[in-house]
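J.: Got a file for you: run.tsv, TSV, C-alpha atoms and all ligand atoms.
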chain	number	residue	atom	x	y	z
A	1	MET	CA	13.65	23.98	-27.61
A	2	ASN	CA	15.58	25.38	-24.68
A	3	GLU	CA	18.98	23.80	-25.36
A	4	GLU	CA	20.35	24.70	-21.96
A	5	LEU	CA	17.42	23.08	-20.13
A	6	PHE	CA	17.66	20.01	-22.36
A	7	ALA	CA	21.35	19.67	-21.50
A	8	ILE	CA	20.57	19.86	-17.79
A	9	ASP	CA	17.85	17.20	-18.13
A	10	ARG	CA	20.17	14.84	-19.95
A	11	ALA	CA	22.77	15.28	-17.24
A	12	MET	CA	20.34	14.27	-14.50
A	13	PRO	CA	20.93	10.74	-13.18
A	14	ALA	CA	18.13	8.24	-13.77
A	15	ASN	CA	15.82	7.69	-10.81
A	16	PRO	CA	17.00	4.41	-9.22
A	17	VAL	CA	13.42	3.12	-8.84
A	18	GLU	CA	12.43	3.91	-12.43
A	19	ALA	CA	13.13	0.36	-13.57
A	20	TYR	CA	10.46	-0.89	-11.16
A	21	LEU	CA	7.73	1.34	-12.55
A	22	ARG	CA	5.61	1.32	-15.69
A	23	THR	CA	6.63	4.85	-16.56
A	24	ASP	CA	4.35	4.85	-19.60
A	25	ARG	CA	1.43	4.87	-17.11
A	26	LEU	CA	2.62	8.07	-15.40
A	27	PRO	CA	1.49	10.56	-14.24
A	28	HIS	CA	-0.29	8.61	-11.54
A	29	ILE	CA	-3.80	9.31	-10.22
A	30	TRP	CA	-2.89	10.19	-6.61
A	31	CYS	CA	-3.59	13.65	-5.19
A	32	PRO	CA	-0.79	16.06	-4.26
A	33	GLY	CA	0.36	15.23	-0.72
A	34	CYS	CA	-1.06	11.70	-0.76
A	35	GLY	CA	1.14	9.20	1.04
A	36	ILE	CA	0.55	6.31	-1.37
A	37	GLY	CA	3.19	7.41	-3.88
A	38	THR	CA	5.79	7.53	-1.11
A	39	THR	CA	4.94	3.94	-0.19
A	40	VAL	CA	5.56	2.87	-3.79
A	41	ASN	CA	8.99	4.44	-3.55
A	42	ILE	CA	9.52	2.52	-0.28
A	43	PHE	CA	8.32	-0.73	-1.84
A	44	THR	CA	10.52	-0.46	-4.92
A	45	ARG	CA	13.57	0.23	-2.78
A	46	ALA	CA	12.69	-2.77	-0.62
A	47	LEU	CA	12.45	-4.92	-3.73
A	48	GLU	CA	15.83	-3.67	-4.88
A	49	THR	CA	17.53	-4.53	-1.59
A	50	SER	CA	15.75	-7.89	-1.26
A	51	LYS	CA	17.57	-9.21	-4.37
A	52	LEU	CA	14.50	-11.30	-5.14
A	53	ASP	CA	14.14	-12.61	-8.67
A	54	LEU	CA	11.63	-10.10	-10.04
A	55	ASN	CA	10.36	-12.66	-12.53
A	56	ARG	CA	8.88	-14.50	-9.56
A	57	VAL	CA	7.40	-11.49	-7.74
A	58	VAL	CA	3.68	-10.85	-8.31
A	59	VAL	CA	1.73	-7.89	-6.95
A	60	VAL	CA	-2.00	-8.22	-6.32
A	61	SER	CA	-4.19	-5.25	-5.40
A	62	GLY	CA	-7.85	-4.77	-4.61
A	63	ILE	CA	-9.96	-1.68	-5.24
A	64	GLY	CA	-9.33	1.86	-4.04
A	65	CYS	CA	-6.64	4.52	-4.30
A	66	THR	CA	-3.97	2.08	-3.04
A	67	GLY	CA	-5.35	-0.62	-5.29
A	68	ARG	CA	-4.04	1.35	-8.26
A	69	VAL	CA	-0.47	0.46	-7.27
A	70	ALA	CA	-0.71	-2.81	-9.21
A	71	GLY	CA	-1.01	-0.79	-12.41
A	72	TYR	CA	2.18	1.18	-11.84
A	73	VAL	CA	4.70	-1.48	-10.83
A	74	ASN	CA	6.75	-3.05	-13.59
A	75	LEU	CA	6.05	-6.60	-12.42
A	76	ASP	CA	3.42	-9.23	-13.08
A	77	SER	CA	0.51	-7.60	-11.31
A	78	PHE	CA	-3.24	-7.95	-10.92
A	79	HIS	CA	-5.84	-5.32	-10.07
A	80	THR	CA	-8.61	-7.50	-8.66
A	81	THR	CA	-12.07	-7.00	-7.18
A	82	HIS	CA	-12.91	-5.22	-3.93
A	83	GLY	CA	-11.57	-7.05	-0.87
A	84	ARG	CA	-10.48	-10.11	-2.84
A	85	ALA	CA	-6.77	-9.46	-3.31
A	86	ILE	CA	-5.78	-12.02	-0.64
A	87	PRO	CA	-7.87	-14.93	-2.00
A	88	PHE	CA	-6.69	-14.08	-5.52
A	89	ALA	CA	-3.07	-14.17	-4.32
A	90	THR	CA	-3.75	-17.42	-2.44
A	91	GLY	CA	-4.94	-18.98	-5.69
A	92	LEU	CA	-1.81	-17.86	-7.51
A	93	LYS	CA	0.35	-19.30	-4.74
A	94	LEU	CA	-1.46	-22.64	-4.84
A	95	ALA	CA	-1.11	-22.80	-8.61
A	96	ASN	CA	2.57	-21.86	-8.58
A	97	PRO	CA	4.28	-22.20	-5.17
A	98	ASP	CA	7.52	-20.73	-6.58
A	99	LEU	CA	5.97	-17.26	-6.82
A	100	LYS	CA	6.55	-14.53	-4.25
A	101	LEU	CA	3.12	-13.04	-3.67
A	102	VAL	CA	2.70	-9.45	-2.51
A	103	VAL	CA	-0.76	-8.13	-1.69
A	104	TYR	CA	-0.69	-4.32	-1.80
A	105	SER	CA	-3.95	-2.63	-0.86
A	106	GLY	CA	-5.67	-0.13	1.36
A	107	ASP	CA	-7.28	-0.37	4.78
A	108	GLY	CA	-10.85	-0.17	3.50
A	109	ASP	CA	-10.24	-2.90	0.96
A	110	LEU	CA	-8.30	-5.34	3.15
A	111	SER	CA	-9.77	-4.82	6.61
A	112	ALA	CA	-13.48	-4.25	5.80
A	113	ILE	CA	-14.82	-6.12	2.80
A	114	GLY	CA	-11.65	-8.27	2.76
A	115	GLY	CA	-11.41	-8.62	6.54
A	116	ASN	CA	-12.25	-12.29	6.74
A	117	HIS	CA	-9.73	-13.16	4.03
A	118	PHE	CA	-7.10	-11.21	5.95
A	119	ILE	CA	-7.54	-12.99	9.28
A	120	HIS	CA	-7.87	-16.45	7.75
A	121	ALA	CA	-4.84	-16.08	5.48
A	122	ALA	CA	-2.82	-15.08	8.56
A	123	ARG	CA	-4.31	-17.96	10.55
A	124	ARG	CA	-3.45	-20.43	7.76
A	125	ASN	CA	-0.01	-18.86	7.40
A	126	VAL	CA	-0.35	-18.54	3.63
A	127	ASP	CA	3.06	-17.66	2.21
A	128	MET	CA	2.61	-14.04	1.11
A	129	THR	CA	3.57	-10.50	2.10
A	130	VAL	CA	0.72	-8.07	2.73
A	131	VAL	CA	1.54	-4.36	2.45
A	132	LEU	CA	-1.45	-2.46	3.79
A	133	ILE	CA	-1.61	1.30	3.34
A	134	ASN	CA	-3.75	2.77	6.10
A	135	ASN	CA	-5.09	6.29	5.51
A	136	ALA	CA	-8.00	5.81	7.91
A	137	THR	CA	-10.67	6.30	5.28
A	138	TYR	CA	-12.15	5.15	1.98
A	139	GLY	CA	-10.34	7.61	-0.26
A	140	MET	CA	-11.49	6.75	-3.76
A	141	THR	CA	-15.20	6.58	-2.95
A	142	GLY	CA	-15.56	9.82	-1.01
A	143	GLY	CA	-14.09	9.59	2.50
A	144	GLN	CA	-16.50	7.20	4.18
A	145	VAL	CA	-15.77	5.81	7.64
A	146	ALA	CA	-13.55	2.69	7.59
A	147	PRO	CA	-12.72	0.07	10.25
A	148	THR	CA	-9.45	1.98	10.72
A	149	THR	CA	-10.98	5.44	11.20
A	150	PRO	CA	-10.06	6.71	14.70
A	151	LEU	CA	-12.76	7.13	17.32
A	152	SER	CA	-14.56	10.50	16.99
A	153	ALA	CA	-12.96	11.31	13.61
A	154	ILE	CA	-15.14	12.95	10.97
A	155	ALA	CA	-15.95	11.05	7.79
A	156	SER	CA	-18.54	11.66	5.08
A	157	THR	CA	-20.72	8.96	6.71
A	158	THR	CA	-19.99	10.05	10.30
A	159	PRO	CA	-20.47	13.84	10.21
A	160	TYR	CA	-20.85	13.91	14.04
A	161	GLY	CA	-17.77	11.76	14.61
A	162	ASN	CA	-17.00	8.05	14.40
A	163	PHE	CA	-18.43	6.16	17.38
A	164	GLU	CA	-16.59	2.85	16.77
A	165	ALA	CA	-13.06	2.02	17.90
A	166	ALA	CA	-10.51	1.52	15.11
A	167	PHE	CA	-8.95	-1.81	14.24
A	168	ASN	CA	-5.37	-2.32	15.37
A	169	LEU	CA	-4.31	-4.27	12.31
A	170	PRO	CA	-0.75	-5.30	13.27
A	171	ALA	CA	-2.11	-6.62	16.58
A	172	LEU	CA	-4.86	-8.46	14.70
A	173	ALA	CA	-2.37	-10.03	12.27
A	174	ASP	CA	-0.11	-10.97	15.17
A	175	SER	CA	-2.94	-12.60	17.10
A	176	CYS	CA	-3.84	-14.61	13.98
A	177	GLY	CA	-0.32	-16.01	13.73
A	178	ALA	CA	1.48	-13.82	11.17
A	179	VAL	CA	5.20	-14.61	11.16
A	180	TYR	CA	6.23	-10.98	10.71
A	181	VAL	CA	4.29	-7.84	11.67
A	182	ALA	CA	5.28	-4.17	11.49
A	183	ARG	CA	3.76	-0.71	11.42
A	184	TRP	CA	5.44	2.42	10.05
A	185	THR	CA	4.35	5.68	8.53
A	186	ALA	CA	5.05	7.07	5.07
A	187	TYR	CA	7.42	9.46	6.85
A	188	HIS	CA	9.63	6.56	8.02
A	189	VAL	CA	10.99	5.79	4.57
A	190	ARG	CA	14.18	3.99	5.57
A	191	HIS	CA	12.61	2.02	8.41
A	192	ALA	CA	9.68	0.95	6.27
A	193	THR	CA	11.98	-0.01	3.40
A	194	LYS	CA	13.99	-2.31	5.64
A	195	SER	CA	10.81	-3.69	7.15
A	196	ILE	CA	9.25	-4.56	3.80
A	197	ARG	CA	12.54	-6.09	2.67
A	198	ASP	CA	12.56	-8.26	5.81
A	199	ALA	CA	8.92	-9.20	5.28
A	200	LEU	CA	9.57	-10.16	1.65
A	201	LEU	CA	12.36	-12.49	2.75
A	202	LYS	CA	10.20	-14.30	5.33
A	203	LYS	CA	8.49	-17.59	4.61
A	204	GLY	CA	4.84	-17.48	5.67
A	205	PHE	CA	2.31	-14.69	6.16
A	206	SER	CA	4.08	-11.37	6.73
A	207	PHE	CA	2.34	-8.06	7.27
A	208	VAL	CA	3.51	-4.45	7.05
A	209	GLU	CA	1.12	-1.58	7.66
A	210	ILE	CA	2.11	1.92	6.56
A	211	LEU	CA	0.10	4.84	7.91
A	212	ALA	CA	-0.21	7.37	5.10
A	213	PRO	CA	-2.01	10.72	4.87
A	214	CYS	CA	-5.11	11.30	2.74
A	215	PRO	CA	-5.04	15.11	2.65
A	216	THR	CA	-7.94	15.38	0.20
A	217	LEU	CA	-10.53	13.66	2.37
A	218	TYR	CA	-9.43	12.54	5.83
A	219	SER	CA	-7.13	15.44	6.70
A	220	ARG	CA	-9.46	18.06	5.23
A	221	LYS	CA	-12.57	16.75	7.00
A	222	ASN	CA	-10.70	16.53	10.29
A	223	ARG	CA	-9.07	19.95	9.92
A	224	LEU	CA	-5.58	18.55	10.15
A	225	GLY	CA	-2.69	20.66	8.99
A	226	THR	CA	-2.95	24.37	8.29
A	227	ASP	CA	-5.84	24.31	5.80
A	228	SER	CA	-9.08	24.52	7.80
A	229	ARG	CA	-11.49	24.22	4.81
A	230	ARG	CA	-13.84	21.21	4.77
B	301	LIG	S1	-8.32	10.62	-2.18
B	301	LIG	FE1	-6.87	10.47	-0.46
B	301	LIG	S2	-5.99	8.39	-0.58
B	301	LIG	FE2	-6.97	8.83	-2.57
B	301	LIG	S3	-5.31	9.65	-3.87
B	301	LIG	FE3	-6.34	11.41	-2.92
B	301	LIG	S4	-5.17	11.83	-1.04
B	301	LIG	FE4	-4.62	9.74	-1.73
Taking this structure as input, can you express it in the form of structure tokens?

T.:
Amino acid sequence: MNEELFAIDRAMPANPVEAYLRTDRLPHIWCPGCGIGTTVNIFTRALETSKLDLNRVVVVSGIGCTGRVAGYVNLDSFHTTHGRAIPFATGLKLANPDLKLVVYSGDGDLSAIGGNHFIHAARRNVDMTVVLINNATYGMTGGQVAPTTPLSAIASTTPYGNFEAAFNLPALADSCGAVYVARWTAYHVRHATKSIRDALLKKGFSFVEILAPCPTLYSRKNRLGTDSRR
């Protein structure tokens, strides 16, 4: 054993968000450069500053790369079926109104197969916070076009460019009556942290979208950044 290295490790302060994570599940599945991990950091810091009773906070995720978040947070959490995180969370809320429900899922999951649940939960003002990570693609299943993929962007199912306009999800949530709506990027760590904290403390349907990069599929197919390989 390298005693010197061991001494340095022991001297390192604990990561302040470690208590919010199931560290026995690490390392996580996300690719290098993926924005989802940064959003988990943002979310845990928002939880910390919200001062909510963590015994009452429940995280519900659907399917996809973002859907794996439920498995990493050290809270009561549920990894549910594709697109059904919001109705699952609605059921939990109806069964136990004292819970603070957080739905944490991706754009493909929540705005395509789960799109109807999304608009109707906002319309009914179900008391929950939705954190939607938007990477403009279906990451886990191979980079297919999503309702959030920008016009003319390349996806595995639109090799000549997407010909449909992308959803504006904060505007959609707002038009359906959400009490709190925000959009940030994974780069805006402090702003997004404050925003999620504010959303968590609202009564009613609150919505925070975080735009996050998917370098493995979306960025590569669209030749973003300095790596031009497809
Ligand atoms: S495929 Fe994309 S969204 Fe999924 S983990 Fe990799 S970079 Fe992130």

J.: Quick one: residues within 7 Å of ligand LIG 301 (chain B), with only C-alpha atoms and all ligand atoms, as a VMD selection string?

T.: chain A and resid 29 to 36 65 135 139 to 140 213 to 217

J.: Select, from A:Thr80, A:Asn125, A:Thr44, A:Ser61, the residue with the minimum atom-to-atom distance to Ser105 of chain A, counting all atoms listed in the file.

T.: A:Ser61

J.: Would you mind listing what lies within 12 Å of segment 69-73 of chain A as an MDAnalysis selection string, with only C-alpha atoms counted and same-chain residues fewer than 2 positions away left out?

T.: chainID A and resid 17:30 36:41 43:44 47 54 57:67 75:80 85 102:106 131:133

J.: Tell me, counting all atoms listed in the file, for each residue of segment 50-142 of chain A within 8 Å of segment 183-204 of chain A, which pair of atoms is nearest and how far apart they are in Å to one decimal, in rows ordered by chain and increasing number, as a Markdown table.

T.:
| residue | atom | partner | partner_atom | distance |
| --- | --- | --- | --- | --- |
| A:Ser50 | CA | A:Arg197 | CA | 5.4 |
| A:Lys100 | CA | A:Leu200 | CA | 7.9 |
| A:Asn125 | CA | A:Gly204 | CA | 5.3 |
| A:Val126 | CA | A:Gly204 | CA | 5.7 |
| A:Asp127 | CA | A:Gly204 | CA | 3.9 |
| A:Met128 | CA | A:Gly204 | CA | 6.1 |
| A:Thr129 | CA | A:Leu200 | CA | 6.0 |
| A:Val131 | CA | A:Ile196 | CA | 7.8 |

J.: Quote the spacing between atom CA of Thr226 of chain A and atom CA of Tyr138 of chain A in Å to one decimal place.

T.: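 Separating atom CA of Thr226 of chain A from atom CA of Tyr138 of chain A is a distance of 22.2 Å.
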
J.: Give me the residues within 12 Å of Gln144 of chain A as a list in words, counting only C-alpha atoms and dropping any in the same chain fewer than 3 places off.

T.: Asp107, Gly108, Ala112, Asn135, Ala136, Thr137, Tyr138, Gly139, Met140, Thr141, Pro147, Thr148, Thr149, Ala153, Ile154, Ala155, Ser156, Thr157, Thr158, Pro159, Gly161, Asn162, Leu217, Tyr218 and Lys221 of chain A

J.: Report, in Å with one decimal, the straight-line distance from atom CA of Ala178 of chain A to atom CA of Asn74 of chain A.

T.: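 About the pair atom CA of Ala178 of chain A and atom CA of Asn74 of chain A: they are 27.5 Å apart.
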
J.: Would you compute an axis-aligned box for segment 130-148 of chain A, covering every atom listed for it in the file with 4 Å of margin on each side, and report centre and edge lengths in Å to one decimal as lines of an AutoDock Vina configuration file?

T.:
center_x = -7.5
center_y = 0.9
center_z = 3.5
size_x = 26.0
size_y = 25.9
size_z = 22.5
